[in-house]
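Below is entry-v3.cif, holding mmCIF, C-alpha atoms.
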```
data_final
loop_
_atom_site.group_PDB
_atom_site.id
_atom_site.type_symbol
_atom_site.label_atom_id
_atom_site.label_comp_id
_atom_site.auth_asym_id
_atom_site.auth_seq_id
_atom_site.Cartn_x
_atom_site.Cartn_y
_atom_site.Cartn_z
ATOM 1 C CA MET U 9 61.719 -33.459 -4.949
ATOM 2 C CA ALA U 10 59.493 -30.397 -4.633
ATOM 3 C CA THR U 11 56.747 -30.438 -2.060
ATOM 4 C CA THR U 12 53.568 -28.395 -1.931
ATOM 5 C CA THR U 13 51.967 -27.077 1.193
ATOM 6 C CA VAL U 14 48.260 -27.686 1.426
ATOM 7 C CA PRO U 15 46.546 -24.803 3.233
ATOM 8 C CA ALA U 16 44.471 -25.711 6.234
ATOM 9 C CA PRO U 17 40.711 -25.708 5.782
ATOM 10 C CA ALA U 18 39.078 -22.346 6.387
ATOM 11 C CA GLY U 19 37.353 -23.631 9.510
ATOM 12 C CA ARG U 20 40.676 -24.676 11.058
ATOM 13 C CA ARG U 21 42.611 -21.516 10.392
ATOM 14 C CA ARG U 22 43.894 -19.908 13.526
ATOM 15 C CA ARG U 23 42.847 -16.358 14.094
ATOM 16 C CA THR U 24 45.513 -13.732 14.062
ATOM 17 C CA PRO U 25 46.409 -11.920 17.300
ATOM 18 C CA LEU U 26 44.641 -8.824 15.974
ATOM 19 C CA ALA U 27 41.440 -10.786 15.327
ATOM 20 C CA ARG U 28 41.544 -12.347 18.813
ATOM 21 C CA ARG U 29 42.105 -8.943 20.378
ATOM 22 C CA GLU U 30 39.190 -7.448 18.440
ATOM 23 C CA ALA U 31 36.969 -10.346 19.515
ATOM 24 C CA ARG U 32 37.875 -9.795 23.178
ATOM 25 C CA TRP U 33 37.050 -6.100 22.939
ATOM 26 C CA ALA U 34 33.788 -6.928 21.181
ATOM 27 C CA TYR U 35 32.770 -9.106 24.145
ATOM 28 C CA VAL U 36 33.840 -6.342 26.546
ATOM 29 C CA PHE U 37 31.558 -3.824 24.842
ATOM 30 C CA LEU U 38 28.741 -6.383 24.612
ATOM 31 C CA ALA U 39 29.084 -7.354 28.275
ATOM 32 C CA PRO U 40 26.696 -4.666 29.651
ATOM 33 C CA TRP U 41 23.961 -5.791 27.277
ATOM 34 C CA ILE U 42 24.626 -9.483 27.926
ATOM 35 C CA VAL U 43 24.536 -8.989 31.708
ATOM 36 C CA GLY U 44 21.420 -6.826 31.443
ATOM 37 C CA PHE U 45 19.677 -9.388 29.250
ATOM 38 C CA LEU U 46 20.510 -12.275 31.573
ATOM 39 C CA VAL U 47 19.531 -10.389 34.749
ATOM 40 C CA PHE U 48 16.479 -8.453 33.562
ATOM 41 C CA ASN U 49 15.115 -10.613 30.722
ATOM 42 C CA ALA U 50 16.294 -14.218 30.595
ATOM 43 C CA GLY U 51 16.438 -14.647 34.378
ATOM 44 C CA PRO U 52 12.897 -13.382 35.075
ATOM 45 C CA MET U 53 11.531 -15.387 32.137
ATOM 46 C CA ILE U 54 13.034 -18.610 33.480
ATOM 47 C CA ALA U 55 11.755 -17.812 36.988
ATOM 48 C CA SER U 56 8.304 -17.029 35.604
ATOM 49 C CA ALA U 57 8.248 -20.295 33.665
ATOM 50 C CA TRP U 58 9.017 -22.184 36.875
ATOM 51 C CA LEU U 59 6.482 -20.243 38.932
ATOM 52 C CA SER U 60 3.785 -20.959 36.345
ATOM 53 C CA LEU U 61 4.076 -24.617 37.392
ATOM 54 C CA THR U 62 3.668 -23.838 41.099
ATOM 55 C CA GLU U 63 1.249 -22.394 43.612
ATOM 56 C CA TYR U 64 2.989 -19.325 45.006
ATOM 57 C CA ASP U 65 1.612 -16.477 47.113
ATOM 58 C CA VAL U 66 4.910 -14.604 47.793
ATOM 59 C CA ILE U 67 4.635 -15.349 51.527
ATOM 60 C CA ASN U 68 5.035 -19.116 51.412
ATOM 61 C CA ALA U 69 7.501 -21.155 49.397
ATOM 62 C CA PRO U 70 6.363 -22.222 45.898
ATOM 63 C CA ARG U 71 4.599 -25.589 45.782
ATOM 64 C CA TYR U 72 4.890 -27.545 42.534
ATOM 65 C CA THR U 73 1.489 -28.220 40.959
ATOM 66 C CA GLY U 74 2.415 -29.141 37.390
ATOM 67 C CA LEU U 75 0.026 -27.860 34.733
ATOM 68 C CA ASP U 76 -2.810 -27.044 37.142
ATOM 69 C CA ASN U 77 -2.434 -23.288 36.590
ATOM 70 C CA TYR U 78 -2.781 -23.727 32.835
ATOM 71 C CA ARG U 79 -5.854 -25.938 33.240
ATOM 72 C CA GLU U 80 -7.415 -23.349 35.541
ATOM 73 C CA LEU U 81 -6.433 -20.662 33.042
ATOM 74 C CA MET U 82 -8.409 -22.309 30.271
ATOM 75 C CA ALA U 83 -11.486 -22.689 32.471
ATOM 76 C CA ASP U 84 -11.480 -19.196 34.012
ATOM 77 C CA PRO U 85 -14.284 -17.085 32.428
ATOM 78 C CA MET U 86 -12.598 -13.838 33.519
ATOM 79 C CA VAL U 87 -9.461 -14.759 31.597
ATOM 80 C CA ALA U 88 -11.554 -15.363 28.481
ATOM 81 C CA ARG U 89 -13.434 -12.087 28.991
ATOM 82 C CA SER U 90 -10.302 -10.000 29.491
ATOM 83 C CA LEU U 91 -8.579 -11.664 26.533
ATOM 84 C CA GLY U 92 -11.645 -10.999 24.396
ATOM 85 C CA ASN U 93 -11.617 -7.317 25.401
ATOM 86 C CA THR U 94 -7.926 -7.097 24.546
ATOM 87 C CA VAL U 95 -8.369 -8.697 21.121
ATOM 88 C CA TYR U 96 -11.403 -6.477 20.425
ATOM 89 C CA TYR U 97 -9.424 -3.370 21.350
ATOM 90 C CA THR U 98 -6.498 -4.477 19.175
ATOM 91 C CA ALA U 99 -8.790 -5.104 16.205
ATOM 92 C CA LEU U 100 -10.170 -1.554 16.532
ATOM 93 C CA HIS U 101 -6.997 0.269 17.534
ATOM 94 C CA VAL U 102 -4.411 -1.021 15.063
ATOM 95 C CA PRO U 103 -6.259 -0.416 11.742
ATOM 96 C CA LEU U 104 -7.600 2.924 12.973
ATOM 97 C CA VAL U 105 -4.185 4.198 14.071
ATOM 98 C CA MET U 106 -2.538 3.034 10.852
ATOM 99 C CA ALA U 107 -5.193 4.639 8.628
ATOM 100 C CA ILE U 108 -5.278 7.975 10.477
ATOM 101 C CA SER U 109 -1.493 8.116 10.737
ATOM 102 C CA LEU U 110 -1.083 7.497 7.016
ATOM 103 C CA GLY U 111 -3.602 10.237 6.231
ATOM 104 C CA LEU U 112 -1.802 12.698 8.502
ATOM 105 C CA ALA U 113 1.576 11.736 7.035
ATOM 106 C CA LEU U 114 0.263 12.392 3.514
ATOM 107 C CA LEU U 115 -0.921 15.828 4.651
ATOM 108 C CA LEU U 116 2.382 16.599 6.379
ATOM 109 C CA LYS U 117 4.240 15.747 3.201
ATOM 110 C CA ARG U 118 2.499 18.687 1.510
ATOM 111 C CA VAL U 119 3.069 21.441 4.102
ATOM 112 C CA GLY U 120 6.560 22.332 2.918
ATOM 113 C CA ARG U 121 8.727 24.321 5.310
ATOM 114 C CA LEU U 122 6.328 23.860 8.228
ATOM 115 C CA GLN U 123 6.746 20.096 8.059
ATOM 116 C CA GLY U 124 9.333 20.004 10.837
ATOM 117 C CA PHE U 125 7.121 22.056 13.159
ATOM 118 C CA PHE U 126 4.022 19.905 12.645
ATOM 119 C CA ARG U 127 6.078 16.718 12.891
ATOM 120 C CA THR U 128 7.198 17.835 16.346
ATOM 121 C CA VAL U 129 3.647 18.792 17.311
ATOM 122 C CA PHE U 130 2.317 15.366 16.357
ATOM 123 C CA TYR U 131 5.120 13.566 18.166
ATOM 124 C CA LEU U 132 5.039 15.510 21.447
ATOM 125 C CA PRO U 133 1.958 13.646 22.824
ATOM 126 C CA VAL U 134 3.949 10.406 22.602
ATOM 127 C CA MET U 135 6.245 11.805 25.303
ATOM 128 C CA THR U 136 3.337 12.321 27.720
ATOM 129 C CA PRO U 137 3.487 9.894 30.683
ATOM 130 C CA ALA U 138 0.884 7.151 30.375
ATOM 131 C CA VAL U 139 -0.601 7.906 33.799
ATOM 132 C CA ALA U 140 -1.089 11.555 32.807
ATOM 133 C CA VAL U 141 -2.832 10.438 29.606
ATOM 134 C CA GLY U 142 -5.232 8.271 31.612
ATOM 135 C CA ILE U 143 -6.105 11.134 33.959
ATOM 136 C CA LEU U 144 -6.448 13.586 31.065
ATOM 137 C CA PHE U 145 -8.913 11.422 29.178
ATOM 138 C CA LEU U 146 -10.822 10.594 32.325
ATOM 139 C CA LEU U 147 -11.589 14.331 32.421
ATOM 140 C CA LEU U 148 -12.155 14.701 28.681
ATOM 141 C CA LEU U 149 -14.575 11.748 28.584
ATOM 142 C CA ASN U 150 -16.558 12.826 31.658
ATOM 143 C CA THR U 151 -20.261 12.519 30.893
ATOM 144 C CA GLN U 152 -21.375 15.866 32.356
ATOM 145 C CA ASP U 153 -18.350 18.152 32.189
ATOM 146 C CA GLY U 154 -16.092 16.432 29.646
ATOM 147 C CA LEU U 155 -14.783 18.534 26.804
ATOM 148 C CA ILE U 156 -15.694 15.896 24.210
ATOM 149 C CA ASN U 157 -19.358 15.762 25.204
ATOM 150 C CA ARG U 158 -19.482 19.548 25.403
ATOM 151 C CA GLY U 159 -18.174 19.737 21.861
ATOM 152 C CA LEU U 160 -20.781 17.228 20.697
ATOM 153 C CA ALA U 161 -23.502 19.265 22.443
ATOM 154 C CA LEU U 162 -22.540 22.321 20.399
ATOM 155 C CA VAL U 163 -23.608 20.491 17.223
ATOM 156 C CA GLY U 164 -26.763 19.072 18.804
ATOM 157 C CA ILE U 165 -25.459 15.593 19.649
ATOM 158 C CA GLU U 166 -25.954 14.129 23.106
ATOM 159 C CA GLY U 167 -22.671 12.596 24.133
ATOM 160 C CA PRO U 168 -22.648 9.056 25.508
ATOM 161 C CA SER U 169 -21.498 7.967 28.952
ATOM 162 C CA TRP U 170 -17.969 7.137 27.906
ATOM 163 C CA THR U 171 -16.742 5.972 31.307
ATOM 164 C CA THR U 172 -19.872 4.321 32.761
ATOM 165 C CA ASP U 173 -21.825 2.759 29.890
ATOM 166 C CA PRO U 174 -20.331 -0.709 29.127
ATOM 167 C CA ASP U 175 -21.179 -0.259 25.450
ATOM 168 C CA TRP U 176 -19.121 2.954 25.247
ATOM 169 C CA VAL U 177 -16.185 2.104 27.501
ATOM 170 C CA MET U 178 -14.204 0.387 24.733
ATOM 171 C CA PRO U 179 -14.818 3.096 22.089
ATOM 172 C CA GLY U 180 -13.673 5.647 24.673
ATOM 173 C CA ILE U 181 -10.469 3.687 25.287
ATOM 174 C CA VAL U 182 -9.835 3.454 21.539
ATOM 175 C CA LEU U 183 -10.383 7.207 21.259
ATOM 176 C CA MET U 184 -7.851 7.739 24.037
ATOM 177 C CA SER U 185 -5.338 5.496 22.264
ATOM 178 C CA LEU U 186 -5.251 7.879 19.288
ATOM 179 C CA TRP U 187 -3.402 10.347 21.513
ATOM 180 C CA SER U 188 -0.122 8.529 20.923
ATOM 181 C CA LEU U 189 -0.258 7.933 17.166
ATOM 182 C CA GLY U 190 2.463 10.537 16.548
ATOM 183 C CA SER U 191 5.257 7.972 16.391
ATOM 184 C CA THR U 192 3.431 6.093 13.629
ATOM 185 C CA VAL U 193 2.896 9.354 11.741
ATOM 186 C CA VAL U 194 6.633 10.128 11.869
ATOM 187 C CA ILE U 195 7.513 6.642 10.570
ATOM 188 C CA TYR U 196 5.069 6.934 7.668
ATOM 189 C CA LEU U 197 6.288 10.436 6.818
ATOM 190 C CA ALA U 198 9.883 9.206 6.629
ATOM 191 C CA ALA U 199 8.795 6.320 4.380
ATOM 192 C CA LEU U 200 6.814 8.646 2.100
ATOM 193 C CA GLN U 201 9.779 10.954 1.688
ATOM 194 C CA ASN U 202 11.896 8.029 0.500
ATOM 195 C CA VAL U 203 9.560 7.129 -2.381
ATOM 196 C CA PRO U 204 11.415 8.030 -5.616
ATOM 197 C CA ARG U 205 9.788 10.897 -7.517
ATOM 198 C CA ASP U 206 10.533 9.306 -10.875
ATOM 199 C CA LEU U 207 8.067 6.526 -10.065
ATOM 200 C CA TYR U 208 5.264 9.071 -9.689
ATOM 201 C CA GLU U 209 6.354 10.797 -12.901
ATOM 202 C CA ALA U 210 6.403 7.520 -14.810
ATOM 203 C CA ALA U 211 2.965 6.609 -13.472
ATOM 204 C CA SER U 212 1.592 10.036 -14.483
ATOM 205 C CA ILE U 213 2.991 9.657 -17.990
ATOM 206 C CA ASP U 214 1.233 6.287 -18.228
ATOM 207 C CA GLY U 215 -2.037 8.023 -17.350
ATOM 208 C CA ALA U 216 -2.372 6.960 -13.710
ATOM 209 C CA GLY U 217 -4.571 9.189 -11.580
ATOM 210 C CA GLY U 218 -4.105 10.134 -7.941
ATOM 211 C CA TRP U 219 -5.699 6.971 -6.534
ATOM 212 C CA ALA U 220 -3.831 4.731 -8.974
ATOM 213 C CA ARG U 221 -0.496 6.346 -8.025
ATOM 214 C CA PHE U 222 -1.308 5.893 -4.343
ATOM 215 C CA ARG U 223 -2.312 2.266 -4.787
ATOM 216 C CA HIS U 224 0.380 1.104 -7.195
ATOM 217 C CA VAL U 225 3.311 3.338 -6.191
ATOM 218 C CA THR U 226 2.910 4.751 -2.684
ATOM 219 C CA LEU U 227 1.542 1.696 -0.880
ATOM 220 C CA PRO U 228 4.068 -0.810 -2.282
ATOM 221 C CA MET U 229 6.999 1.519 -1.623
ATOM 222 C CA ILE U 230 5.989 2.122 2.025
ATOM 223 C CA SER U 231 4.777 -1.436 2.649
ATOM 224 C CA GLY U 232 7.844 -2.132 4.816
ATOM 225 C CA ALA U 233 6.918 0.724 7.159
ATOM 226 C CA LEU U 234 3.281 -0.413 7.177
ATOM 227 C CA PHE U 235 4.320 -3.931 8.140
ATOM 228 C CA PHE U 236 6.637 -2.679 10.882
ATOM 229 C CA THR U 237 3.932 -0.513 12.471
ATOM 230 C CA LEU U 238 1.403 -3.350 12.134
ATOM 231 C CA VAL U 239 3.621 -5.679 14.165
ATOM 232 C CA VAL U 240 4.691 -3.080 16.749
ATOM 233 C CA ASN U 241 1.191 -1.658 17.301
ATOM 234 C CA THR U 242 -0.312 -5.148 17.581
ATOM 235 C CA ILE U 243 2.188 -6.159 20.259
ATOM 236 C CA ALA U 244 1.663 -2.894 22.154
ATOM 237 C CA SER U 245 -2.140 -3.200 21.956
ATOM 238 C CA LEU U 246 -2.128 -6.726 23.341
ATOM 239 C CA GLN U 247 -0.157 -5.412 26.338
ATOM 240 C CA MET U 248 -2.382 -2.384 27.023
ATOM 241 C CA PHE U 249 -2.309 -1.577 30.736
ATOM 242 C CA THR U 250 -1.276 1.755 32.234
ATOM 243 C CA GLU U 251 -3.772 4.213 30.748
ATOM 244 C CA VAL U 252 -6.782 1.933 31.261
ATOM 245 C CA TYR U 253 -5.746 0.962 34.781
ATOM 246 C CA THR U 254 -5.319 4.637 35.682
ATOM 247 C CA MET U 255 -8.761 5.533 34.331
ATOM 248 C CA TYR U 256 -10.876 2.676 35.643
ATOM 249 C CA PHE U 257 -9.062 0.695 38.320
ATOM 250 C CA GLY U 258 -6.772 3.211 39.994
ATOM 251 C CA ASN U 259 -9.448 5.871 40.465
ATOM 252 C CA ARG U 260 -11.954 5.638 43.301
ATOM 253 C CA GLN U 261 -14.530 7.747 41.463
ATOM 254 C CA THR U 262 -14.818 5.268 38.581
ATOM 255 C CA GLN U 263 -14.286 1.981 40.422
ATOM 256 C CA GLY U 264 -17.873 1.632 41.576
ATOM 257 C CA SER U 265 -19.614 3.531 38.781
ATOM 258 C CA PHE U 266 -19.461 0.946 35.985
ATOM 259 C CA ASN U 267 -19.158 -2.745 35.217
ATOM 260 C CA SER U 268 -15.414 -3.319 35.494
ATOM 261 C CA ASP U 269 -15.602 -6.277 33.089
ATOM 262 C CA ALA U 270 -16.053 -3.823 30.207
ATOM 263 C CA ALA U 271 -12.584 -2.340 30.779
ATOM 264 C CA SER U 272 -10.817 -5.446 32.024
ATOM 265 C CA PHE U 273 -7.843 -6.024 29.758
ATOM 266 C CA TYR U 274 -5.720 -9.156 29.908
ATOM 267 C CA VAL U 275 -2.654 -7.496 31.448
ATOM 268 C CA ILE U 276 -4.844 -5.721 34.008
ATOM 269 C CA HIS U 277 -6.339 -9.045 35.072
ATOM 270 C CA LEU U 278 -2.828 -10.517 35.193
ATOM 271 C CA PHE U 279 -1.687 -7.637 37.410
ATOM 272 C CA GLN U 280 -4.629 -8.117 39.760
ATOM 273 C CA GLU U 281 -4.022 -11.858 40.065
ATOM 274 C CA ALA U 282 -0.345 -11.264 40.845
ATOM 275 C CA PHE U 283 -0.345 -8.251 43.149
ATOM 276 C CA GLN U 284 -3.890 -7.972 44.459
ATOM 277 C CA PHE U 285 -4.754 -11.633 45.029
ATOM 278 C CA LEU U 286 -1.101 -12.849 45.277
ATOM 279 C CA HIS U 287 -1.688 -15.691 42.820
ATOM 280 C CA MET U 288 1.822 -15.439 41.416
ATOM 281 C CA GLY U 289 1.831 -18.910 39.880
ATOM 282 C CA PHE U 290 -1.456 -18.328 38.081
ATOM 283 C CA ALA U 291 -0.313 -14.867 36.931
ATOM 284 C CA SER U 292 2.914 -16.368 35.570
ATOM 285 C CA ALA U 293 0.882 -18.870 33.566
ATOM 286 C CA MET U 294 -1.185 -15.964 32.223
ATOM 287 C CA ALA U 295 2.007 -14.173 31.205
ATOM 288 C CA TRP U 296 3.260 -17.175 29.280
ATOM 289 C CA LEU U 297 -0.090 -17.588 27.540
ATOM 290 C CA LEU U 298 0.101 -13.951 26.415
ATOM 291 C CA PHE U 299 3.678 -14.521 25.247
ATOM 292 C CA ALA U 300 2.540 -17.508 23.177
ATOM 293 C CA ILE U 301 -0.363 -15.532 21.673
ATOM 294 C CA ILE U 302 1.879 -12.602 20.720
ATOM 295 C CA LEU U 303 4.488 -14.980 19.289
ATOM 296 C CA ILE U 304 1.931 -16.818 17.147
ATOM 297 C CA ILE U 305 0.328 -13.611 15.860
ATOM 298 C CA THR U 306 3.728 -12.121 15.025
ATOM 299 C CA LEU U 307 4.848 -15.277 13.203
ATOM 300 C CA VAL U 308 1.615 -15.260 11.179
ATOM 301 C CA GLN U 309 2.143 -11.592 10.308
ATOM 302 C CA VAL U 310 5.732 -12.258 9.249
ATOM 303 C CA LYS U 311 4.620 -15.225 7.126
ATOM 304 C CA LEU U 312 1.875 -13.229 5.420
ATOM 305 C CA SER U 313 4.195 -10.256 4.891
ATOM 306 C CA ASN U 314 5.817 -12.096 1.973
ATOM 307 C CA ARG U 315 2.627 -11.481 0.021
ATOM 308 C CA PHE U 316 2.274 -7.723 0.456
ATOM 309 C CA VAL U 317 5.608 -6.277 1.605
ATOM 310 C CA TYR U 318 7.812 -5.054 -1.225
ATOM 311 C CA TYR U 319 11.545 -4.714 -0.693
ATOM 312 C CA GLU U 320 13.158 -2.799 -3.528
ATOM 313 C CA GLY U 321 16.476 -4.621 -3.136
ATOM 314 C CA ASP U 322 14.836 -8.011 -3.730
ATOM 315 C CA ARG U 323 14.345 -7.298 -7.431
ATOM 316 C CA PRO U 324 16.815 -6.249 -10.102
#
```

Output the file's structure in the form of structure tokens.
Amino acid sequence: MATTTVPAPAGRRRRTPLARREARWAYVFLAPWIVGFLVFNAGPMIASAWLSLTEYDVINAPRYTGLDNYRELMADPMVARSLGNTVYYTALHVPLVMAISLGLALLLKRVGRLQGFFRTVFYLPVMTPAVAVGILFLLLLNTQDGLINRGLALVGIEGPSWTTDPDWVMPGIVLMSLWSLGSTVVIYLAALQNVPRDLYEAASIDGAGGWARFRHVTLPMISGALFFTLVVNTIASLQMFTEVYTMYFGNRQTQGSFNSDAASFYVIHLFQEAFQFLHMGFASAMAWLLFAIILIITLVQVKLSNRFVYYEGDRP
């Protein structure tokens, strides 16, 4: 009587020696990243989560206090003020950087052979150390001798007190933030170069003008790059620290010359609570609040991206 052999289910099949050997080597090559993630990311996050539930001043052992730090966080007016400044800066910085970067990328697309040179020129400021950028713009925005106010004086405009007037501190910081838009310009330029020419030709044949081609061809085809820079720039803006701290809190000349609340960003206040006042538990709670805010904003952006981001491979 003939018998038939029923193959084992796919989930129960034993891996071949070659597959097991490849898996072992995969884990070997992944080990540096796994160890680095556990030591420098997961470990500190777990420790921070624990410290956020304690009262800890570095000197004495942590004392468990439950959710007291989070209750104090919600009632602290300085936390609300610094968070408001951060959100205000993000709302100004992100759209402005995206719009200017897209305009520059459109211009770079037309320069021909010099495109590589200008692309490098726009990107070089991104490589400038953040502390150097803060010092540079502290000089440029100086009320009396700053280059920006001198330039405005040449056209008959009296420049504002960028670093001392609370109403002009935030616009000055936003102006400084434009120094590092080169990376966004390079991303947009790469996206623009990948837009198929035949789409522009088809749109022209159908009678579409320059604005119509930009709106109905260019923007949809680069919407993925726009979404990426929206998310990345939003996250970076909500964590703004080094340049502003260098300008206003790490410089003795500016510390007593203005209302520090005008330039108090959330991460700066977090830094002060942790390392100036040694409120490590409270600072950890602040860090987790910022993490939750960034996570929620990013999830909302990802959810809304389904409405305006076009992926060419999604359609036949």

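We find CA of Leu61 (chain U) and CA of Leu75 (chain U) to be spaced 5.8 Å apart.
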
Selection result for the PyMOL selection byres ((chain U and resi 76) around 10) on this file, as a list of chain:residue names: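 Here the PyMOL selection byres ((chain U and resi 76) around 10) matches U:Ser60, U:Leu61, U:Thr62, U:Glu63, U:Tyr72, U:Thr73, U:Gly74, U:Leu75, U:Asn77, U:Tyr78, U:Arg79, U:Glu80, U:Leu81, U:Gly289, U:Phe290, U:Ala293.
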
Do you have, as a tab-separated table, the list of residues of region 130-235 of chain U lying at most 10 Å from region 101-113 of chain U, each with its nearest atom pair and that distance in Å to one decimal, counting all atoms listed in the file and ordered by chain then number?
```
residue	atom	partner	partner_atom	distance
U:Phe130	CA	U:Leu112	CA	9.3
U:Pro179	CA	U:His101	CA	9.5
U:Ile181	CA	U:His101	CA	9.2
U:Val182	CA	U:His101	CA	5.9
U:Leu183	CA	U:His101	CA	8.6
U:Met184	CA	U:His101	CA	9.9
U:Ser185	CA	U:His101	CA	7.2
U:Leu186	CA	U:Val105	CA	6.5
U:Trp187	CA	U:Val105	CA	9.7
U:Ser188	CA	U:Val105	CA	9.1
U:Leu189	CA	U:Val105	CA	6.2
U:Gly190	CA	U:Ser109	CA	7.4
U:Ser191	CA	U:Ser109	CA	8.8
U:Thr192	CA	U:Ser109	CA	6.1
U:Val193	CA	U:Ser109	CA	4.7
U:Val194	CA	U:Ala113	CA	7.2
U:Ile195	CA	U:Ala113	CA	8.6
U:Tyr196	CA	U:Ala113	CA	6.0
U:Leu197	CA	U:Ala113	CA	4.9
U:Ala198	CA	U:Ala113	CA	8.7
U:Ala199	CA	U:Ala113	CA	9.4
U:Leu200	CA	U:Ala113	CA	7.8
U:Gln201	CA	U:Ala113	CA	9.8
U:Leu234	CA	U:Met106	CA	7.7
```

Nearest to Ala210 (chain U), chosen from U:Val66, U:Thr136, U:Ser313, U:His224, with all atoms listed in the file counted in the distances: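 Among the listed residues, U:His224 lies closest to Ala210 (chain U).
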
Contacts of Leu303 (chain U) within 12 Å, all atoms listed in the file, excl. fewer than 4 positions in-chain, as a PyMOL selection string: chain U and resi 239+242-243+246+296-299+307-310

Nearest to Pro204 (chain U), chosen from U:Arg315, U:Ile54, U:Ala216, U:Met229, with all atoms listed in the file counted in the distances: U:Met229

Point-to-point distance in Å for CA of Phe48 (chain U) and CA of Arg29 (chain U):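 These atoms are spaced 28.8 Å apart.
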
CA of Met86 (chain U) to CA of Ser272 (chain U), straight-line distance in Å: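 Those two atoms sit 8.7 Å apart.
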
Given only C-alpha atoms as the counted atoms, nearest of U:Thr98, U:Asn157, U:Asn93, U:Thr250 to Leu238 (chain U): U:Thr98

Point (0.9, -13.1, 44.3), cut-off 10 Å, counting all atoms listed in the file, residues as a PyMOL selection string: chain U and resi 63-67+279-292

Grab the residues selected above and save them as an mmCIF file, in the frame of the given file with C-alpha atoms.
```cif
data_model
loop_
_atom_site.group_PDB
_atom_site.id
_atom_site.type_symbol
_atom_site.label_atom_id
_atom_site.label_comp_id
_atom_site.auth_asym_id
_atom_site.auth_seq_id
_atom_site.Cartn_x
_atom_site.Cartn_y
_atom_site.Cartn_z
ATOM 1 C CA GLU U 63 1.249 -22.394 43.612
ATOM 2 C CA TYR U 64 2.989 -19.325 45.006
ATOM 3 C CA ASP U 65 1.612 -16.477 47.113
ATOM 4 C CA VAL U 66 4.910 -14.604 47.793
ATOM 5 C CA ILE U 67 4.635 -15.349 51.527
ATOM 6 C CA PHE U 279 -1.687 -7.637 37.410
ATOM 7 C CA GLN U 280 -4.629 -8.117 39.760
ATOM 8 C CA GLU U 281 -4.022 -11.858 40.065
ATOM 9 C CA ALA U 282 -0.345 -11.264 40.845
ATOM 10 C CA PHE U 283 -0.345 -8.251 43.149
ATOM 11 C CA GLN U 284 -3.890 -7.972 44.459
ATOM 12 C CA PHE U 285 -4.754 -11.633 45.029
ATOM 13 C CA LEU U 286 -1.101 -12.849 45.277
ATOM 14 C CA HIS U 287 -1.688 -15.691 42.820
ATOM 15 C CA MET U 288 1.822 -15.439 41.416
ATOM 16 C CA GLY U 289 1.831 -18.910 39.880
ATOM 17 C CA PHE U 290 -1.456 -18.328 38.081
ATOM 18 C CA ALA U 291 -0.313 -14.867 36.931
ATOM 19 C CA SER U 292 2.914 -16.368 35.570
#
```

Protein, DNA and RNA residues within 12 Å of (-10.9, 9.0, 25.6), all atoms listed in the file, as a count of residues only: 36

Pick from U:Leu46, U:Val95, U:Met82, U:Ala138, whichever lies nearest to Ile305 (chain U) using all atoms listed in the file: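 When distances to Ile305 (chain U) are compared using all atoms listed in the file, the smallest one comes from U:Val95.
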